[in-house]
Amino acid sequence: MRQTPPDSEDARDHLQVPPADDLGLSGLPSRPPDEGPSEADIEESERASSGNQGKWLARAGIVILIVAIASMIIPMLMVIFPPDRAAPAVPASSARGTVAVVTRVIDGRTIEVQIDGKAAIVRYLGIKLPDDDLWREWSARVNRDWVSEKTVVLERDVTDTDSEGRLLRYVWLDDLLVNGGIIAAGLGTFAAESPDLRYAPDLARYERNARQGKVGMWQATGA
C-alpha cells in the first residue's frame with residue numbers, strides 16, 4: 001500500500017535515508033559534499049577541455065581553407081562560363097515583319113516610327129481617308145489613340161515605298177490590323193493598291209460591314 005509523505009517537521013526528522021546500495025546507486029562515487037574535486041578529476045577535465053579545443057581549431061581551419069579555395073575558383077569559373085546577357089526588351093523583328101515604335105501620328109493612315117534607332121514615315125496600305133475634314137480629323141484621333149508611342153509590327157506586301165519615299169505597310173498592334181480597324185470604324189474606305197492585295201478581301205469586308213452598320217462616316221449617308 002502506498003503511503004503519503006509525512007507533513008510535520010517532527011515526522012521528517014525521524015525519517016531514515018536508506019543506504020545507497022538499496023537505491024541502486026552503488027556505482028556512483030561516495031564523496032563528502034563539502035570536499036572539492038580530486039586531482040584526478042581536474043586532470044581529466046583539463047584533458048577533455050584541451051581535446052575539445054583542438055577539435056574546434058581543426059574544424060575552423062577546414063572552414064577557412066574551403067572559403068579560400070572557393071574565392072579562387074569562383075572568379076575562374078566566371079571567366080570560363082560568363083553569365084548570359086539579358087535579352088533585348090523589344091525584338092528587332094517578328095514573324096509578321098519589322099518591329100517599330102510609333103513616335104508621331106500624322107493622320108489616319110500615316111505615322112512616323114523608329115526602326116533600330118532610325119526614323120521612317122509609314123503609310124497604311126489599302127486605305128483611303130474620308131474627303132470630309134471632320135471625319136479625317138476623327139480618323140487621325142482614333143489612330144493616335146491606338147498607336148501613339150506604342151510598339152507595332154510593320155508587314156510589307158510587294159511594294160516597299162511610294163513615290164514620296166514612305167514605307168507602305170500593314171500595321172499590326174498586337175493582333176489588331178490597324179489598317180482594317182480604321183476602315184471597320186467607318187473612318188476610311190478600302191483602296192485596292194495592286195499589286196499589294198494580301199488583305200484586300202478582308203479590308204473590303206470591313207468597309208461593307210461598316211456601311212451596312214452605318215458606322216462612323218456612313219451613319220449620315222444612305223449607302
# chains A, B, ... in the order shown; residues from 1 in each chain; ligands from 1

$ residues_around --residues "Val147 of chain A" --least-positions-apart "3" --cutoff "12 Å" --atoms "only C-alpha atoms" --output "short mmCIF file (atom, residue, chain, number, x, y, z; two decimals) with N, CA and C atoms, in the first residue's frame"
data_model
loop_
_atom_site.label_atom_id
_atom_site.label_comp_id
_atom_site.auth_asym_id
_atom_site.auth_seq_id
_atom_site.Cartn_x
_atom_site.Cartn_y
_atom_site.Cartn_z
N ALA A 100 8.63 48.22 -84.71
CA ALA A 100 8.91 49.66 -84.69
C ALA A 100 8.15 50.30 -83.55
N VAL A 101 8.62 51.47 -83.14
CA VAL A 101 7.95 52.26 -82.11
C VAL A 101 7.39 53.51 -82.76
N VAL A 102 6.10 53.76 -82.56
CA VAL A 102 5.44 54.92 -83.16
C VAL A 102 5.79 56.17 -82.36
N THR A 103 6.40 57.14 -83.02
CA THR A 103 6.80 58.38 -82.35
C THR A 103 5.86 59.55 -82.66
N ARG A 104 5.11 59.45 -83.78
CA ARG A 104 4.19 60.54 -84.14
C ARG A 104 3.11 60.00 -85.06
N VAL A 105 1.87 60.44 -84.83
CA VAL A 105 0.76 60.10 -85.71
C VAL A 105 0.46 61.33 -86.56
N ILE A 106 0.59 61.20 -87.87
CA ILE A 106 0.43 62.33 -88.78
C ILE A 106 -1.03 62.49 -89.18
N ASP A 107 -1.68 61.40 -89.57
CA ASP A 107 -3.11 61.43 -89.87
C ASP A 107 -3.67 60.02 -89.68
N GLY A 108 -4.84 59.77 -90.24
CA GLY A 108 -5.50 58.49 -90.01
C GLY A 108 -4.84 57.30 -90.68
N ARG A 109 -3.87 57.53 -91.57
CA ARG A 109 -3.22 56.42 -92.24
C ARG A 109 -1.71 56.60 -92.36
N THR A 110 -1.15 57.58 -91.66
CA THR A 110 0.28 57.88 -91.77
C THR A 110 0.87 58.08 -90.38
N ILE A 111 2.01 57.44 -90.15
CA ILE A 111 2.69 57.56 -88.86
C ILE A 111 4.18 57.70 -89.07
N GLU A 112 4.85 58.22 -88.05
CA GLU A 112 6.32 58.25 -88.03
C GLU A 112 6.78 57.25 -86.98
N VAL A 113 7.79 56.47 -87.31
CA VAL A 113 8.26 55.41 -86.42
C VAL A 113 9.77 55.44 -86.27
N ALA A 140 -7.73 60.53 -87.63
CA ALA A 140 -6.42 60.82 -87.04
C ALA A 140 -6.46 60.65 -85.53
N ARG A 141 -7.56 61.10 -84.91
CA ARG A 141 -7.67 60.99 -83.46
C ARG A 141 -7.71 59.53 -83.01
N VAL A 142 -8.50 58.72 -83.70
CA VAL A 142 -8.59 57.30 -83.36
C VAL A 142 -7.25 56.60 -83.59
N ASN A 143 -6.62 56.90 -84.71
CA ASN A 143 -5.31 56.32 -85.00
C ASN A 143 -4.31 56.68 -83.91
N ARG A 144 -4.36 57.95 -83.46
CA ARG A 144 -3.45 58.40 -82.40
C ARG A 144 -3.72 57.65 -81.10
N LYS A 150 3.30 53.45 -79.15
CA LYS A 150 3.17 52.01 -78.99
C LYS A 150 4.19 51.28 -79.87
N THR A 151 4.45 50.05 -79.51
CA THR A 151 5.29 49.18 -80.34
C THR A 151 4.40 48.43 -81.31
N VAL A 152 4.69 48.53 -82.58
CA VAL A 152 3.88 47.91 -83.62
C VAL A 152 4.77 47.04 -84.49
N VAL A 153 4.13 46.25 -85.34
CA VAL A 153 4.84 45.42 -86.31
C VAL A 153 4.42 45.87 -87.71
N VAL A 171 0.01 47.59 -90.66
CA VAL A 171 0.48 47.89 -89.31
C VAL A 171 -0.32 47.07 -88.30
N TRP A 172 0.41 46.28 -87.51
CA TRP A 172 -0.20 45.42 -86.51
C TRP A 172 0.07 45.94 -85.11
N LEU A 173 -0.97 46.07 -84.33
CA LEU A 173 -0.87 46.38 -82.90
C LEU A 173 -1.36 45.15 -82.16
N ASP A 174 -0.42 44.35 -81.69
CA ASP A 174 -0.76 43.01 -81.14
C ASP A 174 -1.47 42.24 -82.25
N LEU A 176 -4.34 43.27 -83.73
CA LEU A 176 -5.20 44.20 -84.47
C LEU A 176 -4.49 44.71 -85.71
N LEU A 177 -5.09 44.48 -86.87
CA LEU A 177 -4.60 45.08 -88.11
C LEU A 177 -5.17 46.50 -88.15
N VAL A 178 -4.32 47.48 -87.87
CA VAL A 178 -4.79 48.86 -87.71
C VAL A 178 -5.43 49.36 -89.01
N ASN A 179 -4.87 48.99 -90.16
CA ASN A 179 -5.46 49.39 -91.44
C ASN A 179 -6.94 49.00 -91.48
N GLY A 181 -8.81 48.21 -88.88
CA GLY A 181 -9.57 48.82 -87.79
C GLY A 181 -10.10 50.19 -88.16
N ILE A 182 -9.30 51.00 -88.87
CA ILE A 182 -9.74 52.33 -89.29
C ILE A 182 -10.94 52.22 -90.24
#

$ atom_distance --atom1 "atom CA of Gln114 of chain A" --atom2 "atom CA of Glu149 of chain A"
10.1 Å

$ closest_residue --among "A:Ala210, A:Ile127, A:Ala119, A:Leu154" --to "Ala95 of chain A" --atoms "only C-alpha atoms"
A:Leu154

$ closest_residue --among "A:Lys214, A:Arg136, A:Arg205, A:Arg123" --to "Leu168 of chain A" --atoms "only C-alpha atoms"
A:Arg123

$ select_by_dssp --residues "segment 108-150 of chain A" --states "helix (DSSP H, G or I)" --output "count of residues only"
15

$ residues_around --residues "Leu167 of chain A" --least-positions-apart "3" --cutoff "8 Å" --atoms "only C-alpha atoms" --output "PyMOL selection string"
chain A and resi 120-123+160-162
